[in-house]
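Engineer: Attaching a single structure in structure tokens format; questions to follow.
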Amino acid sequence: MIFSILEHILTHISFSVVSIVITIHLISLLIDEFVGLSDSSEKGMITTFFCITGLLVTRWIYSGHLPLSNLYESLIFLSWGFSIIHMVPYFKKHKNILSAITAPSTFFTQSFTTSGLLTDMHQSEILVPALQSHWLMMHVSMMVLGYAALLCGSLLAVALLVIRFQKVIRIVDQRNNFLNNFFSFDKIQYATQRRNIFRNTSFLSSRNFYRFQLIQQLDHWGYRIISIGFIFLTIGILSGAVWANEAWGSYWNWDPKETWAFITWTIFSTYFHTRKNREGFNSAIAASIGFLIIWICYFGVNLLGIGLHSYGSFTLTSN
């Protein structure tokens, strides 16, 4: 009873705090005068991290196993993975970029977890025989942490594509305006617009330089986060193959969960290959596709509830 109450308190505290963090982010976008808001946001994410950590430890203690036995627990673990990425000191120099990804990701995951749709899964149950293995901690934790890192990196790639497309649209608009001015018969109007163009040259160049720097940072940090996620995903797939051999007598069976995990791995392998040939655009497209594939693998396949991972549906573990 005590553990249940403590879990309930920690769940709602973490959701409330991350909701406040999102509100702070929105206010900081609209109002630049509040300098201390970024510090409050940082403290809020730290509080969220410790609340989710306490929640996982609480469920671990009274259930006797790592809390990854159903979709509810794996979503909590996924939001914990998002908060870990925010807490990594290696990314400290670019917290603003990462917090714009990790905070909303944690918020939406916690929102679905506390929405009431998964109420039947809140109570931890005894693991089915197929999951009573020491490989549960290794395989499922690596897969979920890999999903968290890959989702964050993919969202950075989506942001990169948005900025690139905005730049292309503006270039097209500028060319159209230039053609209109070039064929204009009103010389006074043309001269006025020409003076305005020269007057704003320094502003446009600084703006383009800032956009170029932002694109480079998104590509740089997206690559590093995706690299970490790809390592976790690879370890998770390999450990899952070993576990499958022990449980089912075969390393690979091509059921829907395994097939989509392999597709996810292939998509992000393509990401690394395209990034070597041409940085930025092509790899960002691959990562954006990977964002959708991850959700199909993690969430969509469980809707079917078929295959050897049928226990990984909405009633039991989701890995």
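Identifiers in this document derive from the order of the structure tokens: chains are assigned A, B, ..., residues are numbered from 1 separately in each chain, and ligands are numbered from 1 in order of occurrence.
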Considering only C-alpha atoms, return as a list in words whatever protein or nucleic-acid residues lie within 10 Å of Gly240 (chain A), sequence-local ones (same chain, fewer than 2 positions apart) excluded.

Structural biologist: Trp135, Leu136, Met138, His139, Val140, Met142, Met143, Thr234, Ile235, Gly236, Ile237, Leu238, Val242, Trp243, Ala244, Asn245, Glu246, Tyr251, Trp252, Glu258 and Asn319 of chain A

Engineer: Give me a file of those residues, with C-alpha atoms, as a compact mmCIF listing (two decimals), in the first residue's frame.

Structural biologist:
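Result file part05.txt:
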# COMPACT_ATOMS: atom_id res chain seq x y z
CA TRP A 135 18.23 -11.29 -20.19
CA LEU A 136 15.12 -9.19 -19.47
CA MET A 138 19.80 -6.44 -20.64
CA HIS A 139 17.60 -6.76 -23.71
CA VAL A 140 14.57 -4.61 -22.89
CA MET A 142 18.92 -1.50 -24.08
CA MET A 143 16.08 -1.45 -26.59
CA THR A 234 22.54 -3.03 -31.63
CA ILE A 235 23.27 -4.37 -28.14
CA GLY A 236 19.54 -4.85 -27.56
CA ILE A 237 19.06 -6.80 -30.79
CA LEU A 238 22.10 -9.01 -30.16
CA VAL A 242 20.80 -14.78 -27.50
CA TRP A 243 17.72 -14.71 -25.27
CA ALA A 244 15.55 -15.99 -28.14
CA ASN A 245 17.92 -18.91 -28.65
CA GLU A 246 17.60 -19.85 -24.99
CA TYR A 251 18.42 -16.81 -32.70
CA TRP A 252 16.05 -15.20 -35.22
CA GLU A 258 12.05 -8.75 -34.81
CA ASN A 319 10.22 -4.11 -25.80

Engineer: What does the distance between CA of Phe49 (chain A) and CA of Gln217 (chain A) come to in Å, to one decimal place?

Structural biologist: 24.9 Å

Engineer: Near Ile84 (chain A), counting only C-alpha atoms, which residues have an atom at most 12 Å away, once you skip same-chain residues fewer than 3 positions from it, shown as a PyMOL selection string?

Structural biologist: chain A and resi 45-50+52-53+77-81+87-91+98-99+102-103+105-106+145-146+148-149+152+225

Engineer: Might you pull out every residue within 10 Å of Gln110 (chain A), with only C-alpha atoms counted and same-chain residues fewer than 6 positions away left off, and present them as number ranges by chain?

Structural biologist: A: 11-12, 14-16, 18-19, 52, 72, 75-76, 78-80, 104

Engineer: What does the distance between CA of Lys43 (chain A) and CA of Val21 (chain A) come to in Å, to one decimal place?

Structural biologist: 8.9 Å

Engineer: Give me every helix (DSSP H, G or I) residue in region 57-115 of chain A, going by DSSP on the backbone, as a PyMOL selection string.

Structural biologist: chain A and resi 57-63+71-87+89-113

Engineer: Report the distance between CA of Cys51 (chain A) and CA of Tyr147 (chain A) in Å, rounded to one decimal place.

Structural biologist: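 Computing it gives 20.9 Å between the two atoms.
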